[in-house]
$ cat target_34.txt   # compact mmCIF, C-alpha atoms and all ligand atoms
# COMPACT_ATOMS: atom_id res chain seq x y z
CA MET A 17 73.07 117.89 91.74
CA GLU A 18 73.86 120.41 88.99
CA PHE A 19 75.82 119.40 85.90
CA GLN A 20 78.87 121.57 86.70
CA GLU A 21 78.96 120.35 90.28
CA MET A 22 78.79 116.74 89.13
CA LYS A 23 81.59 117.29 86.62
CA GLN A 24 83.78 118.96 89.23
CA TYR A 25 83.17 116.14 91.71
CA LEU A 26 84.04 113.45 89.19
CA LEU A 27 87.14 115.33 88.07
CA GLU A 28 88.36 115.78 91.64
CA GLN A 29 87.96 112.08 92.34
CA ILE A 30 89.82 111.17 89.18
CA LEU A 31 92.62 113.67 89.77
CA ASP A 32 92.90 112.29 93.27
CA LYS A 33 93.54 108.87 91.69
CA GLN A 34 90.36 107.32 93.02
CA LEU A 35 89.29 105.79 89.71
CA MET A 36 89.15 102.01 89.35
CA THR A 37 87.04 101.57 86.21
CA ALA A 38 84.38 103.48 84.34
CA THR A 39 82.07 102.89 81.41
CA ILE A 40 80.68 105.86 79.55
CA SER A 41 77.89 105.13 77.11
CA GLN A 42 74.67 106.25 75.42
CA PRO A 43 75.91 108.59 72.70
CA ARG A 44 73.90 111.78 72.42
CA VAL A 45 73.77 111.30 68.66
CA LYS A 46 72.85 107.85 67.36
CA SER A 47 75.26 108.12 64.45
CA ASN A 48 78.20 108.61 66.84
CA GLU A 49 80.94 106.28 65.68
CA VAL A 50 82.14 105.53 69.20
CA LYS A 51 79.44 103.61 71.03
CA ARG A 52 81.03 103.32 74.44
CA VAL A 53 84.25 104.29 76.22
CA LYS A 54 85.88 102.35 79.04
CA LEU A 55 88.33 104.01 81.41
CA LYS A 56 90.94 102.66 83.76
CA PRO A 57 94.13 103.98 85.36
CA ILE A 58 97.48 102.75 84.09
CA GLU A 59 101.08 103.59 84.74
CA LEU A 60 103.31 104.54 81.82
CA LYS A 61 106.95 105.48 82.31
CA ASN A 62 106.28 105.83 86.00
CA MET A 63 103.48 108.30 85.35
CA TYR A 64 99.84 107.89 86.18
CA HIS A 65 97.59 107.96 83.10
CA ILE A 66 93.97 107.24 82.35
CA GLN A 67 93.52 104.75 79.54
CA LEU A 68 90.48 105.20 77.34
CA GLU A 69 89.19 102.27 75.33
CA TYR A 70 86.95 103.58 72.54
CA GLN A 71 84.48 100.93 71.44
CA TYR A 72 83.40 101.38 67.81
CA GLU A 73 80.91 99.15 66.03
CA ARG A 74 83.62 96.60 65.17
CA ILE A 75 86.93 97.82 66.50
CA LEU A 76 88.53 99.09 69.67
CA LYS A 77 90.99 101.98 69.92
CA HIS A 78 93.04 103.02 72.90
CA GLU A 79 94.35 106.35 74.09
CA ASN A 80 96.36 107.16 77.23
CA ILE A 81 95.76 110.54 78.78
CA PRO A 82 98.09 112.03 81.41
CA LEU A 83 96.16 113.05 84.48
CA GLU A 84 96.85 116.74 84.02
CA SER A 85 95.07 116.77 80.66
CA PHE A 86 92.10 114.78 81.82
CA ALA A 87 89.83 117.77 82.52
CA GLN A 88 89.52 118.42 78.81
CA THR A 89 88.92 114.73 78.06
CA LEU A 90 86.10 114.63 80.59
CA ASP A 91 84.51 117.68 78.94
CA GLU A 92 84.68 115.95 75.56
CA LEU A 93 83.20 112.71 76.90
CA LEU A 94 80.32 114.54 78.55
CA GLU A 95 79.62 116.37 75.32
CA GLN A 96 79.23 113.03 73.54
CA PHE A 97 77.63 110.68 76.07
CA ARG A 98 74.80 110.65 78.60
CA GLN A 99 75.42 107.66 80.82
CA LEU A 100 78.28 107.00 83.26
CA HIS A 101 79.01 104.05 85.51
CA ILE A 102 82.06 104.71 87.62
CA ASP A 103 83.75 102.62 90.27
CA PHE A 104 85.91 104.73 92.53
CA ILE A 105 87.96 103.17 95.29
CA ALA A 106 85.33 103.90 97.91
CA GLU A 107 82.23 104.77 95.90
CA LYS A 108 80.12 103.50 93.01
CA VAL A 109 78.52 106.24 90.92
CA GLN A 110 75.85 106.09 88.24
CA VAL A 111 74.92 109.16 86.28
CA GLN A 112 72.19 109.62 83.70
CA LEU A 113 72.10 112.94 81.88
CA SER A 114 69.07 114.35 80.11
CA LYS A 115 69.45 116.02 76.72
CA LYS A 116 69.68 119.33 78.55
CA ASN A 117 72.15 117.95 81.09
CA LYS A 118 69.77 117.50 83.98
CA VAL A 119 71.61 115.10 86.26
CA MET A 120 70.18 111.89 87.68
CA TRP A 121 72.73 110.80 90.23
CA LYS A 122 72.99 107.57 92.19
CA SER A 123 75.93 106.78 94.38
CA GLU A 124 76.80 104.23 96.97
CA LYS A 125 79.82 104.21 99.26
CA THR A 126 81.69 100.93 99.08
CA GLU A 127 84.21 99.44 101.40
CA ALA A 128 87.42 101.14 100.38
CA ALA A 129 88.87 98.60 98.01
CA LYS A 130 92.47 97.66 97.93
CA ALA A 131 94.81 100.07 96.18
CA VAL A 132 94.01 100.58 92.53
CA ASN A 133 95.57 98.04 90.27
CA LEU A 134 97.74 100.17 88.05
CA SER A 135 100.06 98.20 85.87
CA HIS A 136 98.52 94.81 85.31
CA ASN A 137 98.06 93.41 88.78
CA ARG A 138 100.82 95.35 90.46
CA LYS A 139 99.93 96.73 93.86
CA LYS A 140 100.31 100.45 94.36
CA ASN A 141 103.63 100.98 96.07
CA TYR A 142 105.02 103.94 97.91
CA LEU A 143 107.41 105.84 95.65
CA LEU A 144 109.98 105.57 98.45
CA ASP A 145 110.26 101.94 99.43
CA GLU A 146 110.02 101.32 103.16
CA ASN A 147 112.80 98.73 103.16
CA THR A 148 115.34 100.61 101.07
CA PRO A 149 117.87 102.75 102.94
CA TYR A 150 117.82 106.36 101.70
CA PRO A 151 120.75 108.45 102.96
CA PHE A 152 118.59 111.53 103.54
CA LEU A 153 115.99 109.58 105.53
CA ILE A 154 118.73 108.04 107.66
CA ARG A 155 120.27 111.46 108.30
CA LEU A 156 116.88 112.95 109.18
CA GLY A 157 116.25 110.13 111.64
CA VAL A 158 113.26 108.64 109.78
CA GLN A 159 115.11 105.40 108.98
CA THR A 160 117.61 103.40 110.97
CA GLU A 161 121.12 102.92 109.55
CA GLU A 162 119.87 99.62 108.10
CA GLY A 163 117.09 101.41 106.25
CA LYS A 164 114.13 100.41 108.43
CA VAL A 165 111.53 103.10 109.02
CA LYS A 166 111.47 103.88 112.74
CA LYS A 167 108.13 103.08 114.33
CA GLN A 168 107.61 106.55 115.76
CA LYS A 169 108.49 108.09 112.37
CA TYR A 170 106.09 106.05 110.30
CA ASP A 171 103.57 108.91 109.96
CA LYS A 172 106.35 111.18 108.79
CA PHE A 173 107.41 108.55 106.27
CA LYS A 174 103.85 108.32 104.95
CA GLN A 175 103.65 112.09 104.71
CA ILE A 176 106.93 112.27 102.80
CA ASN A 177 105.74 109.58 100.42
CA ARG A 178 102.45 111.34 99.81
CA PHE A 179 104.33 114.52 99.07
CA VAL A 180 106.63 112.71 96.63
CA GLU A 181 103.50 111.45 94.83
CA PHE A 182 102.43 115.05 94.30
CA ILE A 183 105.89 115.90 93.02
CA ALA A 184 105.72 112.94 90.62
CA ASP A 185 102.36 114.16 89.33
CA ALA A 186 103.77 117.64 88.81
CA LEU A 187 106.74 116.40 86.78
CA ALA A 188 104.93 116.81 83.49
CA TYR A 189 104.55 120.54 84.16
CA LEU A 190 108.20 121.24 84.84
CA PRO A 191 110.46 122.48 82.03
CA LYS A 192 112.48 119.77 80.31
CA ASP A 193 115.01 121.82 78.39
CA GLN A 194 116.45 124.05 81.10
CA PRO A 195 117.45 123.79 84.77
CA VAL A 196 114.43 123.66 87.04
CA ARG A 197 114.37 126.28 89.80
CA ILE A 198 112.50 125.28 92.96
CA LEU A 199 111.81 127.20 96.14
CA ASP A 200 110.56 125.77 99.41
CA PHE A 201 109.25 128.55 101.64
CA GLY A 202 109.19 127.88 105.38
CA SER A 203 111.17 124.70 104.85
CA GLY A 204 111.77 124.12 108.60
CA LYS A 205 113.46 120.79 109.24
CA SER A 206 113.16 120.21 105.51
CA TYR A 207 112.07 116.58 105.38
CA LEU A 208 110.09 117.38 102.29
CA THR A 209 112.77 119.56 100.73
CA PHE A 210 115.23 116.68 100.94
CA ALA A 211 112.59 114.27 99.63
CA LEU A 212 111.90 116.54 96.70
CA TYR A 213 115.60 116.81 95.90
CA HIS A 214 116.09 113.08 96.22
CA TYR A 215 113.18 112.26 93.94
CA LEU A 216 113.76 114.84 91.20
CA LYS A 217 117.53 114.95 91.14
CA ILE A 218 118.66 111.51 92.24
CA GLU A 219 115.85 109.28 91.03
CA LYS A 220 114.69 111.23 87.97
CA GLY A 221 118.01 112.86 87.04
CA LEU A 222 116.52 116.32 86.55
CA ASP A 223 118.78 119.34 86.43
CA ILE A 224 117.39 121.23 89.43
CA ARG A 225 118.41 123.93 91.85
CA VAL A 226 116.51 123.99 95.11
CA THR A 227 116.44 126.59 97.88
CA GLY A 228 114.84 126.08 101.29
CA LEU A 229 114.10 129.29 103.15
CA ASP A 230 113.16 129.61 106.80
CA LEU A 231 113.29 132.09 109.66
CA LYS A 232 115.07 129.67 111.98
CA LYS A 233 118.82 130.09 111.75
CA GLU A 234 119.86 126.98 113.68
CA VAL A 235 117.49 124.70 111.82
CA ILE A 236 118.69 126.08 108.50
CA GLU A 237 122.34 125.61 109.46
CA GLU A 238 121.67 122.00 110.37
CA CYS A 239 119.90 121.38 107.05
CA ALA A 240 122.75 123.01 105.12
CA LYS A 241 125.19 120.71 106.91
CA ILE A 242 123.16 117.60 106.02
CA ALA A 243 122.93 118.72 102.37
CA GLN A 244 126.70 119.22 102.29
CA ASP A 245 127.40 115.84 103.90
CA LEU A 246 125.14 114.10 101.42
CA GLY A 247 126.78 115.86 98.48
CA TYR A 248 123.51 117.53 97.49
CA ASP A 249 125.30 120.37 95.77
CA GLN A 250 122.25 121.91 94.11
CA LEU A 251 120.34 122.19 97.38
CA GLU A 252 120.93 125.31 99.45
CA PHE A 253 119.33 126.63 102.62
CA LEU A 254 118.89 130.29 103.47
CA VAL A 255 117.79 132.09 106.59
CA GLY A 256 115.15 134.67 105.74
CA ASP A 257 111.57 135.82 105.78
CA ILE A 258 109.24 134.88 102.93
CA ASN A 259 107.92 138.43 103.02
CA ASP A 260 111.33 139.90 102.25
CA TYR A 261 112.53 137.36 99.72
CA ASN A 262 112.82 139.15 96.41
CA ASP A 263 115.96 137.58 95.04
CA GLU A 264 114.45 135.76 92.07
CA THR A 265 112.98 136.70 88.74
CA ALA A 266 111.78 133.31 87.52
CA VAL A 267 110.99 130.16 89.48
CA ASP A 268 109.46 126.94 88.14
CA MET A 269 108.04 125.41 91.27
CA VAL A 270 107.11 126.91 94.64
CA VAL A 271 106.40 124.73 97.64
CA THR A 272 105.13 125.85 101.03
CA LEU A 273 104.30 123.42 103.79
CA HIS A 274 102.65 124.80 106.87
CA ALA A 275 103.94 128.33 106.44
CA CYS A 276 101.95 130.32 108.98
CA ASP A 277 98.93 132.49 108.18
CA VAL A 278 99.50 135.02 105.37
CA ALA A 279 103.08 133.80 104.82
CA THR A 280 101.32 131.21 102.63
CA ASP A 281 99.64 134.00 100.67
CA MET A 282 102.90 135.83 100.27
CA ALA A 283 104.48 132.68 98.88
CA LEU A 284 101.54 132.12 96.51
CA ALA A 285 101.77 135.72 95.31
CA ARG A 286 105.50 135.38 94.71
CA ALA A 287 104.92 132.16 92.77
CA VAL A 288 102.39 133.84 90.48
CA LYS A 289 104.67 136.83 89.89
CA TRP A 290 107.56 134.49 89.05
CA ASN A 291 105.29 132.68 86.63
CA ALA A 292 105.86 129.36 88.42
CA SER A 293 104.52 126.35 86.50
CA VAL A 294 103.74 124.39 89.67
CA ILE A 295 102.60 125.49 93.12
CA LEU A 296 102.17 123.02 95.98
CA SER A 297 101.06 124.62 99.21
CA VAL A 298 99.77 123.20 102.47
CA PRO A 299 98.57 126.18 104.49
CA CYS A 300 98.86 126.38 108.24
CA CYS A 301 97.01 128.46 110.81
CA GLN A 302 94.74 131.09 109.21
CA HIS A 303 93.75 134.15 111.19
CA GLU A 304 93.07 136.74 108.54
CA LEU A 305 89.52 135.83 107.51
CA ASN A 306 88.57 134.77 111.03
CA THR A 307 88.85 138.40 112.13
CA GLN A 308 87.02 139.76 109.07
CA LEU A 309 84.14 137.27 108.89
CA ASN A 310 80.76 138.96 109.08
CA ALA A 311 78.04 136.96 107.43
CA PRO A 312 74.66 137.38 109.15
CA GLY A 313 73.10 134.47 107.24
CA LEU A 314 75.68 132.13 108.72
CA ASP A 315 75.24 133.07 112.39
CA ILE A 316 74.10 129.59 113.33
CA MET A 317 77.53 128.29 112.37
CA LEU A 318 79.73 131.22 113.16
CA LYS A 319 78.55 131.74 116.72
CA HIS A 320 80.59 128.64 117.61
CA GLY A 321 84.26 129.64 117.82
CA LEU A 322 85.51 126.25 116.71
CA VAL A 323 83.24 126.11 113.68
CA LYS A 324 84.07 129.70 112.81
CA GLU A 325 87.78 128.94 112.88
CA ARG A 326 87.43 125.87 110.66
CA PHE A 327 85.00 127.61 108.34
CA ALA A 328 87.40 130.56 108.00
CA ALA A 329 90.26 128.20 107.17
CA LEU A 330 88.23 126.35 104.51
CA ALA A 331 86.89 129.56 103.01
CA THR A 332 90.40 131.04 102.94
CA ASP A 333 91.76 128.07 101.03
CA SER A 334 88.81 128.17 98.63
CA ILE A 335 89.46 131.87 98.02
CA ARG A 336 93.16 131.19 97.47
CA ALA A 337 92.39 128.45 94.95
CA GLU A 338 89.88 130.66 93.15
CA ILE A 339 92.32 133.56 92.93
CA LEU A 340 94.89 131.19 91.43
CA ASN A 341 92.25 129.96 88.99
CA MET A 342 91.66 133.56 87.96
CA VAL A 343 95.33 134.36 87.34
CA GLY A 344 96.05 131.59 84.87
CA TYR A 345 96.31 128.44 86.98
CA GLU A 346 94.28 125.29 87.33
CA ALA A 347 94.06 125.08 91.10
CA GLN A 348 92.57 122.32 93.21
CA LEU A 349 92.23 121.65 96.89
CA VAL A 350 93.18 118.04 97.52
CA GLU A 351 93.77 115.92 100.59
CA PHE A 352 97.42 116.00 101.55
CA ILE A 353 97.43 113.30 104.20
CA ASP A 354 94.81 111.44 106.25
CA MET A 355 93.01 113.46 108.88
CA GLU A 356 94.33 111.15 111.57
CA ASN A 357 97.89 112.26 110.80
CA THR A 358 97.31 115.99 110.85
CA PRO A 359 94.23 118.21 110.59
CA LYS A 360 96.26 120.56 108.37
CA ASN A 361 95.57 118.30 105.49
CA ILE A 362 94.51 120.44 102.55
CA LEU A 363 97.00 120.91 99.75
CA ILE A 364 96.54 123.70 97.24
CA ARG A 365 97.85 122.31 93.99
CA ALA A 366 98.07 124.69 91.05
CA TYR A 367 99.43 124.14 87.57
CA LYS A 368 100.00 127.04 85.23
CA THR A 369 97.66 126.88 82.23
CA GLY A 370 97.52 130.54 81.22
CA ARG A 371 93.74 130.26 81.00
CA LYS A 372 91.97 133.62 81.21
CA THR A 373 89.40 134.34 83.87
CA THR A 374 85.78 134.66 82.75
CA PRO A 375 83.42 137.48 83.84
CA GLU A 376 81.19 134.83 85.43
CA GLN A 377 84.08 133.51 87.51
CA LEU A 378 84.95 137.01 88.65
CA GLU A 379 81.33 137.73 89.52
CA ASN A 380 81.04 134.51 91.58
CA TYR A 381 84.23 135.37 93.38
CA GLN A 382 83.04 138.90 94.21
CA GLN A 383 79.73 137.55 95.52
CA PHE A 384 81.48 135.02 97.74
CA LYS A 385 83.74 137.69 99.16
CA GLN A 386 80.81 140.00 99.86
CA LEU A 387 78.91 137.21 101.53
CA LEU A 388 81.72 136.76 104.04
CA ASN A 389 83.04 140.33 104.21
CA ALA A 390 86.40 138.93 103.14
CA LYS A 391 89.28 141.17 102.15
CA PRO A 392 91.89 138.65 101.04
CA PHE A 393 95.54 139.51 101.42
CA LEU A 394 96.32 137.43 98.33
CA GLU A 395 93.90 139.39 96.16
CA ASN A 396 95.55 142.61 97.23
CA GLU A 397 98.98 141.19 96.43
CA LEU A 398 97.82 140.10 92.99
CA LYS A 399 95.52 143.00 92.11
CA ASP A 400 97.53 143.82 88.98
CA TYR A 401 96.99 140.28 87.69
CA LEU A 402 93.24 140.04 88.20
C1 LIG A 501 105.19 124.13 110.79
S1 LIG A 501 106.77 124.42 110.16
C2 LIG A 501 106.82 123.40 108.75
C3 LIG A 501 108.18 123.07 108.29
C4 LIG A 501 108.31 122.22 107.04
N1 LIG A 501 107.86 122.93 105.87
C5 LIG A 501 107.58 120.93 107.19
O1 LIG A 501 106.51 120.80 106.59
O2 LIG A 501 108.08 120.04 107.88
C6 LIG A 501 106.57 126.03 109.51
C7 LIG A 501 107.86 126.66 109.17
O3 LIG A 501 107.59 127.86 108.47
C8 LIG A 501 108.53 128.81 108.91
N2 LIG A 501 107.96 130.13 108.61
C9 LIG A 501 106.78 130.64 109.05
N3 LIG A 501 106.62 131.88 108.60
C10 LIG A 501 107.71 132.18 107.84
C11 LIG A 501 108.12 133.31 107.11
N4 LIG A 501 107.40 134.41 107.07
N5 LIG A 501 109.30 133.26 106.45
C12 LIG A 501 110.08 132.14 106.50
N6 LIG A 501 109.72 131.03 107.17
C13 LIG A 501 108.56 131.04 107.84
C14 LIG A 501 108.71 128.54 110.39
O4 LIG A 501 109.94 129.03 110.88
C15 LIG A 501 108.63 127.02 110.42
O5 LIG A 501 109.91 126.42 110.35

$ encode --input "target_34.txt" --output "structure tokens"
Amino acid sequence: MEFQEMKQYLLEQILDKQLMTATISQPRVKSNEVKRVKLKPIELKNMYHIQLEYQYERILKHENIPLESFAQTLDELLEQFRQLHIDFIAEKVQVQLSKKNKVMWKSEKTEAAKAVNLSHNRKKNYLLDENTPYPFLIRLGVQTEEGKVKKQKYDKFKQINRFVEFIADALAYLPKDQPVRILDFGSGKSYLTFALYHYLKIEKGLDIRVTGLDLKKEVIEECAKIAQDLGYDQLEFLVGDINDYNDETAVDMVVTLHACDVATDMALARAVKWNASVILSVPCCQHELNTQLNAPGLDIMLKHGLVKERFAALATDSIRAEILNMVGYEAQLVEFIDMENTPKNILIRAYKTGRKTTPEQLENYQQFKQLLNAKPFLENELKDYL
């Protein structure tokens, strides 16, 4: 495994909240004051952090790093130390680095341990409690009037909770000193739009204005009625096509969940042009690359229609993430919900960092595109930004 690949893998696991404990040791320079660093996840003010315990010769010092800043911390740790022992929820990893960063990697899958112990022996709870009645969940038919999650809606409840976790993680990126503008493209029945509103406005008290947009008039009218009945006065629903929606100049967060094919790309492009701080997007069916794919070296895979379709979907999401990385975002592809719930389980999560693209990144991207004969819609939409 190459150094960069190892770093990316570890970072993804950590950002996906898989960390239980880690010890980072063997300073590259003997005179290094910090001899060893221990890591563990903790919860501070309802936010997930990584706590670093710096072990000096005689003293210990602690620092708590919010997850979104952890990439830089990992870089700094790897610049200083050459040995890592990490316990993830389902994997134990040992890494030994040479002076020139050659990686010796050992890993062993473990039985997925119980949820990570965040705040001193507290079990990891859903952000929405399954025994508390929430008016929006009752109205949407997920809970009974008494606040019990209906058996046949349990998967939906899990999905909503997972989504709320992503919203909670994104909180740190949203503006604090002005109303937060949020758009949900292809909001459909709007389970997640209501969940988002509930969490940010009702639980966290944020000053937000949310719009759900969808093509389906009747569904939108029903959602608007529910919002009105619940007194959600900063939540509106509009009938319209993502492709024609040009009514905004600045938006802080853009969400798309299962918007079909290039409607996802259109939403991503809009988000970038509006300078959105947070993008959360679960793509749906992808046809664009499937029709363009022409990669002779990959015939063995691509001759199978099913594999070709899945490959095209994964490559499309990778291209989307890379384009976002090149236009000033830190974008990751993370698991939205277990495979058994829905195969459409990749979430593109992007936070605005303003980081500039490097020539190397651009070159890698061009090579990947050439390899597949890809002509991404999103790239065309964002050509002035690349
Ligand atoms: C699979 S549903 C998902 C609904 C909802 N976001 C959810 O996750 O429960 C996809 C929704 O996207 C909407 N949609 C697809 N393309 C769209 C477009 N171009 N403009 C607006 N809505 C679109 C569809 O009408 C549909 O309601």

$ closest_residue --input "target_34.txt" --among "A:Lys192, A:Arg365, A:Lys324, A:Lys372" --to "Thr272 in chain A" --atoms "all atoms listed in the file"
A:Arg365

$ residues_near_ligand --input "target_34.txt" --ligand "ligand LIG 501 (chain A)" --cutoff "10 Å" --atoms "all atoms listed in the file" --output "NGL selection string"
:A and (172 or 175-176 or 200-209 or 228-233 or 235-236 or 254-261 or 271-280 or 282-283 or 297-301 or 360)

$ write_last_selection --input "target_34.txt" --atoms "C-alpha atoms" --output "PDB file, in the frame of the given file"
ATOM      1  CA  LYS A 172     106.350 111.180 108.790  1.00  0.00           C
ATOM      2  CA  GLN A 175     103.650 112.090 104.710  1.00  0.00           C
ATOM      3  CA  ILE A 176     106.930 112.270 102.800  1.00  0.00           C
ATOM      4  CA  ASP A 200     110.560 125.770  99.410  1.00  0.00           C
ATOM      5  CA  PHE A 201     109.250 128.550 101.640  1.00  0.00           C
ATOM      6  CA  GLY A 202     109.190 127.880 105.380  1.00  0.00           C
ATOM      7  CA  SER A 203     111.170 124.700 104.850  1.00  0.00           C
ATOM      8  CA  GLY A 204     111.770 124.120 108.600  1.00  0.00           C
ATOM      9  CA  LYS A 205     113.460 120.790 109.240  1.00  0.00           C
ATOM     10  CA  SER A 206     113.160 120.210 105.510  1.00  0.00           C
ATOM     11  CA  TYR A 207     112.070 116.580 105.380  1.00  0.00           C
ATOM     12  CA  LEU A 208     110.090 117.380 102.290  1.00  0.00           C
ATOM     13  CA  THR A 209     112.770 119.560 100.730  1.00  0.00           C
ATOM     14  CA  GLY A 228     114.840 126.080 101.290  1.00  0.00           C
ATOM     15  CA  LEU A 229     114.100 129.290 103.150  1.00  0.00           C
ATOM     16  CA  ASP A 230     113.160 129.610 106.800  1.00  0.00           C
ATOM     17  CA  LEU A 231     113.290 132.090 109.660  1.00  0.00           C
ATOM     18  CA  LYS A 232     115.070 129.670 111.980  1.00  0.00           C
ATOM     19  CA  LYS A 233     118.820 130.090 111.750  1.00  0.00           C
ATOM     20  CA  VAL A 235     117.490 124.700 111.820  1.00  0.00           C
ATOM     21  CA  ILE A 236     118.690 126.080 108.500  1.00  0.00           C
ATOM     22  CA  LEU A 254     118.890 130.290 103.470  1.00  0.00           C
ATOM     23  CA  VAL A 255     117.790 132.090 106.590  1.00  0.00           C
ATOM     24  CA  GLY A 256     115.150 134.670 105.740  1.00  0.00           C
ATOM     25  CA  ASP A 257     111.570 135.820 105.780  1.00  0.00           C
ATOM     26  CA  ILE A 258     109.240 134.880 102.930  1.00  0.00           C
ATOM     27  CA  ASN A 259     107.920 138.430 103.020  1.00  0.00           C
ATOM     28  CA  ASP A 260     111.330 139.900 102.250  1.00  0.00           C
ATOM     29  CA  TYR A 261     112.530 137.360  99.720  1.00  0.00           C
ATOM     30  CA  VAL A 271     106.400 124.730  97.640  1.00  0.00           C
ATOM     31  CA  THR A 272     105.130 125.850 101.030  1.00  0.00           C
ATOM     32  CA  LEU A 273     104.300 123.420 103.790  1.00  0.00           C
ATOM     33  CA  HIS A 274     102.650 124.800 106.870  1.00  0.00           C
ATOM     34  CA  ALA A 275     103.940 128.330 106.440  1.00  0.00           C
ATOM     35  CA  CYS A 276     101.950 130.320 108.980  1.00  0.00           C
ATOM     36  CA  ASP A 277      98.930 132.490 108.180  1.00  0.00           C
ATOM     37  CA  VAL A 278      99.500 135.020 105.370  1.00  0.00           C
ATOM     38  CA  ALA A 279     103.080 133.800 104.820  1.00  0.00           C
ATOM     39  CA  THR A 280     101.320 131.210 102.630  1.00  0.00           C
ATOM     40  CA  MET A 282     102.900 135.830 100.270  1.00  0.00           C
ATOM     41  CA  ALA A 283     104.480 132.680  98.880  1.00  0.00           C
ATOM     42  CA  SER A 297     101.060 124.620  99.210  1.00  0.00           C
ATOM     43  CA  VAL A 298      99.770 123.200 102.470  1.00  0.00           C
ATOM     44  CA  PRO A 299      98.570 126.180 104.490  1.00  0.00           C
ATOM     45  CA  CYS A 300      98.860 126.380 108.240  1.00  0.00           C
ATOM     46  CA  CYS A 301      97.010 128.460 110.810  1.00  0.00           C
ATOM     47  CA  LYS A 360      96.260 120.560 108.370  1.00  0.00           C
TER      48      LYS A 360
END

$ atom_distance --input "target_34.txt" --atom1 "CA of Pro57 in chain A" --atom2 "CA of Thr39 in chain A"
12.7 Å

$ residues_around --input "target_34.txt" --residues "Asp245 in chain A" --least-positions-apart "6" --cutoff "12 Å" --atoms "all atoms listed in the file" --output "VMD selection string"
chain A and resid 151 to 152 155 238 to 239 251

$ write_last_selection --input "target_34.txt" --atoms "C-alpha atoms" --output "short mmCIF file (atom, residue, chain, number, x, y, z; two decimals), in the frame of the given file"
data_model
loop_
_atom_site.label_atom_id
_atom_site.label_comp_id
_atom_site.auth_asym_id
_atom_site.auth_seq_id
_atom_site.Cartn_x
_atom_site.Cartn_y
_atom_site.Cartn_z
CA PRO A 151 120.75 108.45 102.96
CA PHE A 152 118.59 111.53 103.54
CA ARG A 155 120.27 111.46 108.30
CA GLU A 238 121.67 122.00 110.37
CA CYS A 239 119.90 121.38 107.05
CA LEU A 251 120.34 122.19 97.38
#

$ residues_near_point --input "target_34.txt" --point "(81.2, 132.4, 99.2)" --cutoff "12 Å" --atoms "only C-alpha atoms" --output "number ranges by chain"
A: 309-311, 313-314, 327-328, 330-335, 338, 379-390

$ residues_near_point --input "target_34.txt" --point "(112.9, 120.6, 91.5)" --cutoff "10 Å" --atoms "only C-alpha atoms" --output "ChimeraX atom specification"
/A:183,186-187,190-191,195-200,209,212-217,222-227,250-251,267-271

$ atom_distance --input "target_34.txt" --atom1 "CA of Lys167 in chain A" --atom2 "CA of Ile353 in chain A"
17.9 Å

$ closest_residue --input "target_34.txt" --among "A:Val180, A:Leu318, A:Leu144, A:Leu27" --to "Lys164 in chain A" --atoms "all atoms listed in the file"
A:Leu144

$ residues_around --input "target_34.txt" --residues "Met22 in chain A" --least-positions-apart "3" --cutoff "9 Å" --atoms "only C-alpha atoms" --output "PyMOL selection string"
chain A and resi 17-19+25-27+111+119+121

$ residues_around --input "target_34.txt" --residues "Tyr345 in chain A" --least-positions-apart "6" --cutoff "9 Å" --atoms "all atoms listed in the file" --output "MDAnalysis selection string"
chainID A and resid 288 293:294 337 339 366:372

$ atom_distance --input "target_34.txt" --atom1 "CA of Lys61 in chain A" --atom2 "CA of Lys220 in chain A"
11.2 Å

$ closest_residue --input "target_34.txt" --among "A:Asn147, A:Asp315, A:Asp281, A:Ala292" --to "Leu398 in chain A" --atoms "all atoms listed in the file"
A:Asp281

$ residues_around --input "target_34.txt" --residues "Lys166 in chain A" --least-positions-apart "3" --cutoff "12 Å" --atoms "only C-alpha atoms" --output "VMD selection string"
chain A and resid 146 to 147 149 153 to 154 156 to 163 169 to 174

$ write_last_selection --input "target_34.txt" --atoms "C-alpha atoms" --output "short mmCIF file (atom, residue, chain, number, x, y, z; two decimals), in the coordinates of the input"
data_model
loop_
_atom_site.label_atom_id
_atom_site.label_comp_id
_atom_site.auth_asym_id
_atom_site.auth_seq_id
_atom_site.Cartn_x
_atom_site.Cartn_y
_atom_site.Cartn_z
CA GLU A 146 110.02 101.32 103.16
CA ASN A 147 112.80 98.73 103.16
CA PRO A 149 117.87 102.75 102.94
CA LEU A 153 115.99 109.58 105.53
CA ILE A 154 118.73 108.04 107.66
CA LEU A 156 116.88 112.95 109.18
CA GLY A 157 116.25 110.13 111.64
CA VAL A 158 113.26 108.64 109.78
CA GLN A 159 115.11 105.40 108.98
CA THR A 160 117.61 103.40 110.97
CA GLU A 161 121.12 102.92 109.55
CA GLU A 162 119.87 99.62 108.10
CA GLY A 163 117.09 101.41 106.25
CA LYS A 169 108.49 108.09 112.37
CA TYR A 170 106.09 106.05 110.30
CA ASP A 171 103.57 108.91 109.96
CA LYS A 172 106.35 111.18 108.79
CA PHE A 173 107.41 108.55 106.27
CA LYS A 174 103.85 108.32 104.95
#

$ closest_residue --input "target_34.txt" --among "A:Lys399, A:Lys54, A:Arg326, A:His101" --to "Asn80 in chain A" --atoms "all atoms listed in the file"
A:Lys54

$ residues_around --input "target_34.txt" --residues "Glu73 in chain A" --least-positions-apart "5" --cutoff "12 Å" --atoms "all atoms listed in the file" --output "compact mmCIF listing (two decimals) with C-alpha atoms, in the coordinates of the input"
# COMPACT_ATOMS: atom_id res chain seq x y z
CA LYS A 46 72.85 107.85 67.36
CA SER A 47 75.26 108.12 64.45
CA ASN A 48 78.20 108.61 66.84
CA GLU A 49 80.94 106.28 65.68
CA VAL A 50 82.14 105.53 69.20
CA LYS A 51 79.44 103.61 71.03
CA ARG A 52 81.03 103.32 74.44
CA VAL A 53 84.25 104.29 76.22
